[in-house]
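Engineer: File my_file.txt below, compact mmCIF, C-alpha atoms:
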# COMPACT_ATOMS: atom_id res chain seq x y z
CA MET S 1 154.54 112.76 122.05
CA LYS S 2 152.53 109.65 122.85
CA ASN S 3 152.77 108.60 119.28
CA ASN S 4 156.51 108.99 119.40
CA ARG S 5 156.76 106.80 122.50
CA THR S 6 154.79 103.94 120.91
CA LEU S 7 156.97 104.23 117.85
CA LEU S 8 160.07 104.02 120.01
CA LEU S 9 158.70 101.01 121.87
CA ALA S 10 157.86 99.28 118.61
CA LEU S 11 161.37 99.98 117.37
CA VAL S 12 162.97 98.58 120.54
CA LEU S 13 160.80 95.47 120.32
CA LEU S 14 161.73 95.04 116.71
CA ILE S 15 165.45 95.30 117.52
CA ILE S 16 165.11 92.77 120.36
CA ASN S 17 163.23 90.47 118.01
CA VAL S 18 165.92 90.66 115.35
CA LEU S 19 168.65 90.13 117.96
CA VAL S 20 166.96 87.08 119.46
CA TYR S 21 166.30 85.68 116.01
CA SER S 22 169.88 86.18 114.87
CA LEU S 23 171.20 84.64 118.11
CA GLN S 24 169.08 81.56 117.56
CA ALA S 25 170.05 81.38 113.94
CA GLN S 26 173.74 81.59 114.77
CA THR S 27 173.91 78.61 117.06
CA LYS S 28 173.15 75.83 114.64
CA TYR S 29 174.88 75.10 111.36
CA ILE S 30 173.08 72.56 109.20
CA ASP S 31 173.79 70.62 106.04
CA LYS S 32 170.76 68.82 104.59
CA SER S 33 172.52 67.23 101.65
CA GLY S 34 175.93 66.34 103.00
CA ASN S 35 178.22 63.85 101.37
CA ILE S 36 179.55 60.58 102.80
CA LYS S 37 181.62 58.10 100.83
CA PHE S 38 182.88 54.74 101.89
CA GLU S 39 185.34 52.40 100.35
CA ALA S 40 186.14 48.78 101.14
CA SER S 41 187.89 47.65 97.99
CA GLU S 42 190.42 44.86 97.72
CA LYS S 43 193.11 44.85 95.07
CA LEU S 44 192.27 43.01 91.83
CA PHE S 45 188.58 42.90 92.62
CA GLU S 46 185.71 45.14 91.62
CA PRO S 47 185.77 48.36 93.69
CA VAL S 48 183.45 48.31 96.68
CA GLU S 49 182.45 51.91 97.15
CA ALA S 50 179.33 53.97 97.62
CA VAL S 51 178.25 57.58 97.90
CA ASN S 52 175.44 59.18 99.88
CA ASN S 53 174.55 62.76 98.95
CA ALA S 54 171.54 63.18 101.24
CA VAL S 55 173.22 63.16 104.66
CA THR S 56 172.05 65.50 107.39
CA ALA S 57 174.68 67.10 109.63
CA VAL S 58 174.09 69.53 112.48
CA LEU S 59 176.78 71.47 114.35
CA ASN S 60 175.97 73.45 117.45
CA ALA S 61 178.41 76.33 117.17
CA ASP S 62 177.97 77.26 120.85
CA ASN S 63 179.47 74.09 122.29
CA GLY S 64 180.80 72.02 119.41
CA GLU S 65 178.15 69.33 119.64
CA PHE S 66 177.86 67.53 116.35
CA ALA S 67 175.38 65.02 114.98
CA SER S 68 174.89 63.41 111.62
CA LEU S 69 172.26 61.14 110.14
CA ALA S 70 172.70 59.08 106.98
CA LEU S 71 169.86 57.09 105.50
CA VAL S 72 171.32 53.73 104.56
CA THR S 73 169.19 53.28 101.44
CA ALA S 74 170.64 56.49 100.03
CA PHE S 75 174.12 54.94 99.56
CA ARG S 76 174.58 54.44 95.84
CA PHE S 77 176.95 51.96 94.27
CA LYS S 78 178.07 51.79 90.64
CA ASN S 79 177.00 48.16 90.59
CA SER S 80 173.30 47.95 91.41
CA LEU S 81 173.56 44.31 92.46
CA MET S 82 176.14 45.32 95.06
CA GLU S 83 173.73 48.01 96.24
CA GLU S 84 170.99 45.41 96.63
CA HIS S 85 173.24 43.10 98.66
CA PHE S 86 174.39 46.02 100.80
CA ASN S 87 170.81 46.92 101.69
CA GLU S 88 169.26 43.49 101.97
CA ASN S 89 171.98 41.22 103.30
CA TYR S 90 174.49 43.40 105.15
CA MET S 91 172.88 46.57 106.46
CA GLU S 92 169.29 45.25 106.52
CA SER S 93 168.18 48.78 105.75
CA GLU S 94 164.46 48.10 106.13
CA THR S 95 165.01 47.15 109.77
CA TYR S 96 167.87 49.57 110.44
CA PRO S 97 167.22 52.47 108.05
CA LYS S 98 169.61 54.96 109.65
CA ALA S 99 173.25 55.42 110.55
CA ILE S 100 173.61 58.06 113.24
CA PHE S 101 176.72 59.72 114.61
CA LYS S 102 176.53 61.81 117.75
CA GLY S 103 179.58 63.44 119.23
CA GLU S 104 181.54 66.54 120.02
CA LEU S 105 184.24 68.63 118.44
CA ARG S 106 186.87 69.16 121.13
CA ASP S 107 187.75 72.76 122.00
CA PHE S 108 185.49 74.09 119.31
CA ASP S 109 185.28 77.84 119.06
CA LEU S 110 183.51 79.47 116.16
CA SER S 111 185.64 82.61 116.41
CA ASN S 112 188.79 80.55 115.81
CA LEU S 113 187.62 79.47 112.39
CA SER S 114 188.98 81.11 109.28
CA GLU S 115 189.34 80.36 105.62
CA THR S 116 192.34 78.17 106.28
CA PRO S 117 191.40 74.65 107.48
CA LYS S 118 191.87 73.97 111.17
CA GLU S 119 191.92 70.52 112.74
CA PHE S 120 189.59 69.43 115.51
CA GLU S 121 189.38 66.18 117.40
CA VAL S 122 186.00 64.49 117.29
CA ASP S 123 184.74 62.07 119.88
CA GLY S 124 181.49 60.28 119.51
CA LYS S 125 179.38 57.26 118.91
CA LEU S 126 178.32 55.76 115.63
CA GLU S 127 175.14 53.76 115.63
CA LEU S 128 174.12 51.53 112.75
CA HIS S 129 172.68 48.06 112.20
CA GLY S 130 171.37 48.23 115.76
CA LYS S 131 174.88 48.43 117.25
CA GLU S 132 176.91 51.29 118.69
CA LYS S 133 180.61 51.97 118.51
CA GLU S 134 182.91 54.72 119.73
CA VAL S 135 184.57 56.68 116.98
CA LYS S 136 187.51 59.03 117.44
CA THR S 137 188.89 61.00 114.57
CA VAL S 138 190.10 64.35 113.35
CA VAL S 139 188.16 66.68 111.06
CA ARG S 140 189.24 69.82 109.27
CA LEU S 141 187.01 72.88 109.37
CA HIS S 142 187.12 76.11 107.46
CA GLN S 143 184.78 78.95 106.71
CA LEU S 144 183.44 79.62 103.25
CA ASN S 145 181.07 82.51 102.56
CA GLY S 146 179.47 82.24 105.99
CA ALA S 147 179.17 78.45 105.87
CA ILE S 148 181.40 75.98 107.70
CA VAL S 149 183.01 73.29 105.59
CA MET S 150 183.85 70.08 107.42
CA LYS S 151 186.01 67.35 105.94
CA GLY S 152 187.35 64.22 107.51
CA GLY S 153 187.25 60.50 107.68
CA PHE S 154 187.51 57.41 109.84
CA ALA S 155 187.68 53.66 109.53
CA VAL S 156 185.28 51.05 110.84
CA ALA S 157 185.02 47.28 110.57
CA PRO S 158 181.77 45.54 109.58
CA SER S 159 182.32 43.11 112.47
CA ASP S 160 182.06 46.02 114.95
CA PHE S 161 178.42 46.29 113.99
CA ASP S 162 177.66 42.57 113.78
CA ILE S 163 177.62 42.67 110.01
CA GLU S 164 178.59 39.27 108.71
CA ILE S 165 180.30 39.02 105.35
CA PRO S 166 179.70 35.56 103.79
CA SER S 167 182.88 33.57 103.10
CA ILE S 168 182.32 33.57 99.31
CA VAL S 169 182.77 37.32 99.07
CA ARG S 170 185.01 37.84 102.10
CA GLY S 171 188.13 38.14 99.95
CA LYS S 172 186.53 40.84 97.82
CA ILE S 173 185.61 43.18 100.67
CA ALA S 174 188.25 44.88 102.80
CA LYS S 175 188.24 44.25 106.57
CA GLN S 176 188.44 47.98 107.17
CA VAL S 177 185.87 50.27 105.63
CA ASN S 178 187.19 53.77 105.03
CA VAL S 179 184.56 56.44 105.44
CA SER S 180 185.05 60.02 104.31
CA VAL S 181 182.72 62.90 105.03
CA ASN S 182 182.25 66.27 103.40
CA PHE S 183 179.73 68.71 104.85
CA LYS S 184 178.92 72.29 104.05
CA LEU S 185 177.09 73.53 107.14
CA GLN S 186 174.92 76.58 106.61
CA PRO S 187 173.89 78.90 109.44
CA MET A 1 169.30 14.40 58.51
CA SER A 2 171.78 16.21 56.31
CA LYS A 3 174.99 17.66 57.68
CA LYS A 4 173.85 21.09 56.61
CA ARG A 5 170.73 20.76 58.70
CA ILE A 6 172.68 19.69 61.81
CA GLY A 7 174.94 22.66 61.24
CA TYR A 8 171.96 25.00 61.24
CA ILE A 9 170.59 23.46 64.44
CA VAL A 10 173.96 23.74 66.21
CA MET A 11 174.24 27.35 65.08
CA ALA A 12 170.72 28.12 66.29
CA ILE A 13 171.48 26.57 69.70
CA LEU A 14 174.71 28.58 69.91
CA VAL A 15 172.93 31.84 69.06
CA VAL A 16 170.15 31.15 71.58
CA GLY A 17 172.79 30.25 74.19
CA LEU A 18 174.74 33.43 73.56
CA ILE A 19 171.63 35.58 73.80
CA THR A 20 170.54 33.84 77.02
CA GLY A 21 174.03 34.32 78.43
CA PHE A 22 173.99 37.99 77.53
CA VAL A 23 170.52 38.51 79.00
CA VAL A 24 171.47 36.70 82.23
CA TYR A 25 174.62 38.82 82.48
CA LYS A 26 172.71 42.07 81.91
CA LYS A 27 169.77 41.27 84.18
CA VAL A 28 171.29 39.19 86.95
CA ILE A 29 175.04 39.60 87.19
CA ASN A 30 175.41 43.21 86.17
CA PRO A 31 171.98 44.83 86.07
CA GLU A 32 171.74 48.48 85.14
CA GLN A 33 170.95 51.20 87.66
CA ARG A 34 167.30 51.88 88.24
CA GLN A 35 165.80 54.79 86.39
CA ILE A 36 163.25 56.02 88.88
CA SER A 37 161.71 58.56 86.51
CA LYS A 38 160.74 55.75 84.14
CA GLU A 39 159.39 53.38 86.79
CA VAL A 40 155.75 53.05 87.73
CA THR A 41 154.72 55.24 90.68
CA GLU A 42 153.55 53.24 93.68
CA PHE A 43 152.31 56.01 95.96
CA THR A 44 151.05 59.52 95.29
CA MET A 45 150.32 61.99 98.09
CA ASP A 46 151.03 65.51 99.28
CA ALA A 47 154.14 66.31 101.29
CA GLU A 48 152.18 66.77 104.50
CA ASP A 49 150.56 63.32 104.34
CA LEU A 50 153.85 61.60 103.59
CA GLN A 51 155.54 63.22 106.57
CA PHE A 52 152.55 62.44 108.78
CA HIS A 53 152.87 58.73 108.01
CA PHE A 54 156.50 58.77 109.13
CA LEU A 55 155.77 60.84 112.25
CA ASN A 56 152.85 58.65 113.20
CA ASP A 57 154.49 55.24 112.85
CA PRO A 58 158.12 55.44 111.65
CA GLU A 59 158.65 51.69 111.47
CA ALA A 60 155.52 50.90 109.48
CA ALA A 61 156.13 53.86 107.16
CA THR A 62 159.75 52.84 106.60
CA PHE A 63 158.66 49.33 105.72
CA LYS A 64 155.96 50.63 103.40
CA TYR A 65 157.74 53.44 101.56
CA ILE A 66 161.48 52.76 101.65
CA ASP A 67 163.04 52.27 98.22
CA LYS A 68 159.61 52.77 96.60
CA VAL A 69 158.75 55.18 93.82
CA VAL A 70 156.61 58.02 95.19
CA GLU A 71 155.07 61.14 93.70
CA THR A 72 154.81 64.01 96.16
CA TYR A 73 153.51 67.51 95.76
CA GLY A 74 153.51 70.74 97.70
CA THR A 75 154.76 74.30 97.91
CA VAL A 76 158.52 74.78 97.76
CA THR A 77 159.77 76.24 101.05
CA GLU A 78 163.52 75.95 100.47
CA VAL A 79 165.83 75.56 97.51
CA GLY A 80 169.27 74.09 98.12
CA PRO A 81 172.21 73.40 95.82
CA ASN A 82 170.89 69.98 94.78
CA PHE A 83 167.59 69.66 96.60
CA ILE A 84 164.26 71.32 97.31
CA VAL A 85 162.07 71.14 100.41
CA MET A 86 158.29 70.98 100.08
CA GLU A 87 156.08 72.38 102.86
CA GLY A 88 159.11 72.14 105.18
CA LYS A 89 158.32 68.43 105.41
CA VAL A 90 159.73 66.55 102.46
CA GLN A 91 163.23 66.98 101.07
CA ALA A 92 163.65 66.01 97.44
CA ASN A 93 167.22 65.48 96.25
CA LEU A 94 167.24 66.19 92.54
CA LEU A 95 168.92 64.11 89.87
CA GLN A 96 172.02 66.02 88.82
CA GLU A 97 171.15 66.01 85.14
CA ASN A 98 167.63 67.13 85.81
CA LYS A 99 168.12 70.52 87.36
CA GLN A 100 165.19 72.80 86.72
CA PRO A 101 164.71 76.37 87.79
CA VAL A 102 162.59 76.14 90.93
CA LYS A 103 162.05 78.93 93.42
CA VAL A 104 160.48 79.24 96.84
CA GLY A 105 156.70 79.52 96.54
CA ASP A 106 156.38 77.34 93.43
CA ILE A 107 153.93 74.47 93.68
CA VAL A 108 155.67 71.39 92.36
CA LYS A 109 155.00 67.70 91.86
CA THR A 110 158.01 65.46 92.14
CA LYS A 111 158.78 61.83 91.41
CA GLY A 112 161.54 59.99 93.20
CA ARG A 113 162.61 57.16 95.46
CA CYS A 114 161.76 57.39 99.15
CA ILE A 115 164.89 56.80 101.24
CA GLY A 116 163.47 57.31 104.72
CA PHE A 117 162.86 59.74 107.55
CA ASP A 118 165.35 62.18 109.00
CA GLU A 119 164.41 62.46 112.68
CA PHE A 120 166.80 65.38 113.27
CA LEU A 121 164.99 67.75 110.94
CA LEU A 122 161.68 65.83 110.73
CA LEU A 123 162.06 65.57 106.98
CA VAL A 124 161.11 62.68 104.74
CA LYS A 125 163.88 62.33 102.19
CA ILE A 126 163.45 61.35 98.56
CA ASP A 127 166.32 60.95 96.11
CA GLN A 128 166.79 60.66 92.34
CA VAL A 129 163.99 63.16 92.02
CA THR A 130 162.60 64.62 88.82
CA ILE A 131 160.13 67.49 88.86
CA ILE A 132 157.14 66.48 86.80
CA LYS A 133 155.00 69.58 87.25
CA ASN A 134 155.74 73.16 88.24
CA ASN A 135 152.86 75.63 88.59
CA GLN A 136 154.46 78.89 89.60
Show me this structure written as structure tokens.
Structural biologist:
Amino acid sequence: MKNNRTLLLALVLLIINVLVYSLQAQTKYIDKSGNIKFEASEKLFEPVEAVNNAVTAVLNADNGEFASLALVTAFRFKNSLMEEHFNENYMESETYPKAIFKGELRDFDLSNLSETPKEFEVDGKLELHGKEKEVKTVVRLHQLNGAIVMKGGFAVAPSDFDIEIPSIVRGKIAKQVNVSVNFKLQP
Amino acid sequence: MSKKRIGYIVMAILVVGLITGFVVYKKVINPEQRQISKEVTEFTMDAEDLQFHFLNDPEAATFKYIDKVVETYGTVTEVGPNFIVMEGKVQANLLQENKQPVKVGDIVKTKGRCIGFDEFLLLVKIDQVTIIKNNQ
């Protein structure tokens, strides 16, 4: 009888453990190798575009809080000279190695997600090159095999972040930089 | 000096000029992408040490390791679609064309370019990684 009781207690503890663990695991969805692209091309000139495939994104599924961190050096251009200029002259990536977005998905509810994309408004702040700027945009979310796929984009201007484009190349780089994001957030 | 000789000299100058032009174009105006796996390694250390440097003094570590070729080793604790994590401390994003079968528990040595520290997940990130040793 005593043996039985200890067994029962152990079982209950085990169930509680699993429950607590699964609750914790459910709250945060993370992508460690998310994808961000940006494009600032002008017609007739060489495309100005780069891809970063090592972006971290974290979504708190309980309240819709969202944060993302992109390491500036990880942006890769087709033209390596452009990449060098981007890091050394514009972004100064040794001094400002990160671009961080922190914000919130409005009216986020995990149970509303399905396999068909649903739009959410995002409000937040983007910090890079030592400057901060408010960003408002819309992202589309859908579920895929237990993961949450997030796609969206927004536009920023280099001048918002005190990034000066020298006059020689000003005509070759668009005033607006279009950023697109693609995350697959795993529980 | 004969005309023939002058002709040869002019031709030689032209050829040298063309080659210089081509070299300048290739090296300065349109240099090729770096091939990290073929570059000389600047730092070699285990995953734990590398992360410790970034935890201890992020600014100094960033200055020291960013964009540098590093070799890191440790036990694989996670395998993602295009990356592996060593010791839960260093994330290595693999070169697409260099996918190798790696599983959790393998002890690997990797070579790649350090791109910085992810303060959200406390991971040092390395990209363009090739796995140079895998002792299962």
Engineer: Taking only C-alpha atoms into account and nothing else, which residues of chain A lie no more than 9 Å away from chain S? Please answer as a PDB file with C-alpha atoms, in the coordinates of the input.
Structural biologist:
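What landed in part37.pdb:
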ATOM      1  CA  VAL A  28     171.290  39.190  86.950  1.00  0.00           C
ATOM      2  CA  ILE A  29     175.040  39.600  87.190  1.00  0.00           C
ATOM      3  CA  ASN A  30     175.410  43.210  86.170  1.00  0.00           C
ATOM      4  CA  PRO A  31     171.980  44.830  86.070  1.00  0.00           C
ATOM      5  CA  GLU A  32     171.740  48.480  85.140  1.00  0.00           C
ATOM      6  CA  GLN A  33     170.950  51.200  87.660  1.00  0.00           C
ATOM      7  CA  ARG A  34     167.300  51.880  88.240  1.00  0.00           C
ATOM      8  CA  GLU A  59     158.650  51.690 111.470  1.00  0.00           C
ATOM      9  CA  THR A  62     159.750  52.840 106.600  1.00  0.00           C
ATOM     10  CA  PHE A  63     158.660  49.330 105.720  1.00  0.00           C
ATOM     11  CA  ILE A  66     161.480  52.760 101.650  1.00  0.00           C
ATOM     12  CA  ASP A  67     163.040  52.270  98.220  1.00  0.00           C
ATOM     13  CA  GLY A  80     169.270  74.090  98.120  1.00  0.00           C
ATOM     14  CA  PRO A  81     172.210  73.400  95.820  1.00  0.00           C
ATOM     15  CA  ASN A  82     170.890  69.980  94.780  1.00  0.00           C
ATOM     16  CA  PHE A  83     167.590  69.660  96.600  1.00  0.00           C
ATOM     17  CA  GLN A  91     163.230  66.980 101.070  1.00  0.00           C
ATOM     18  CA  ASN A  93     167.220  65.480  96.250  1.00  0.00           C
ATOM     19  CA  CYS A 114     161.760  57.390  99.150  1.00  0.00           C
ATOM     20  CA  ILE A 115     164.890  56.800 101.240  1.00  0.00           C
ATOM     21  CA  GLY A 116     163.470  57.310 104.720  1.00  0.00           C
ATOM     22  CA  PHE A 117     162.860  59.740 107.550  1.00  0.00           C
ATOM     23  CA  ASP A 118     165.350  62.180 109.000  1.00  0.00           C
ATOM     24  CA  GLU A 119     164.410  62.460 112.680  1.00  0.00           C
ATOM     25  CA  PHE A 120     166.800  65.380 113.270  1.00  0.00           C
ATOM     26  CA  LEU A 121     164.990  67.750 110.940  1.00  0.00           C
ATOM     27  CA  LYS A 125     163.880  62.330 102.190  1.00  0.00           C
ATOM     28  CA  ILE A 126     163.450  61.350  98.560  1.00  0.00           C
ATOM     29  CA  ASP A 127     166.320  60.950  96.110  1.00  0.00           C
TER      30      ASP A 127
END
Engineer: Between atom CA of S:Pro187 and atom CA of S:Ala147, measure the distance and give it in Å to one decimal.
Structural biologist: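 Here the two named atoms are 6.4 Å from each other.
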Engineer: List every protein, DNA or RNA residue that has an atom no more than 6 Å from (177.8, 66.9, 103.2) in the file's coordinate frame, counting all atoms listed in the file, and report them as a list in words.
Structural biologist: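 Checking each residue against the 6 Å limit leaves Ser33, Gly34, Asn35, Asn182, Phe183 and Lys184 of chain S.
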Engineer: Using all atoms listed in the file, which protein or nucleic acid residues come within 9 Å of S:Asp160? Drop anything in the same chain fewer than 5 positions from it, and give the result as JSON, numbers by chain.
Structural biologist: {"S": [131, 132, 133]}
Engineer: For S:Thr137, find every residue with an atom within 10 Å (counting all atoms listed in the file), except residues of its own chain fewer than 3 positions away, and show them as a PyMOL selection string.
Structural biologist: chain S and resi 105+120-124+152-155
Engineer: So, with all atoms listed in the file as the atoms that count, which of S:Tyr90, S:Phe38, S:Phe108, S:Phe101 lies closest to S:Glu164?
Structural biologist: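 Using all atoms listed in the file, the shortest distance to S:Glu164 belongs to S:Tyr90.
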Engineer: Neighbours of S:Pro166 within 12 Å (all atoms listed in the file; same-chain residues fewer than 6 positions away dropped), as a PyMOL selection string?
Structural biologist: chain S and resi 85+89-90+158-159+172-173
Engineer: Which residues, written as an mmCIF file with C-alpha atoms, keeping the file's coordinate frame, have at least one atom at most 7 Å from A:Val70, with all atoms listed in the file counted and residues fewer than 5 positions away on the same chain left out?
Structural biologist:
data_model
loop_
_atom_site.group_PDB
_atom_site.id
_atom_site.type_symbol
_atom_site.label_atom_id
_atom_site.label_comp_id
_atom_site.auth_asym_id
_atom_site.auth_seq_id
_atom_site.Cartn_x
_atom_site.Cartn_y
_atom_site.Cartn_z
ATOM 1 C CA THR A 41 154.720 55.240 90.680
ATOM 2 C CA GLU A 42 153.550 53.240 93.680
ATOM 3 C CA PHE A 43 152.310 56.010 95.960
ATOM 4 C CA THR A 44 151.050 59.520 95.290
ATOM 5 C CA LYS A 111 158.780 61.830 91.410
ATOM 6 C CA GLY A 112 161.540 59.990 93.200
ATOM 7 C CA ARG A 113 162.610 57.160 95.460
ATOM 8 C CA CYS A 114 161.760 57.390 99.150
#
Engineer: Please determine, counting only C-alpha atoms, which residue among A:Gly7, A:Pro58, A:Gly17, A:Gly105 has the shortest atom-to-atom distance to A:Val76.
Structural biologist: A:Gly105
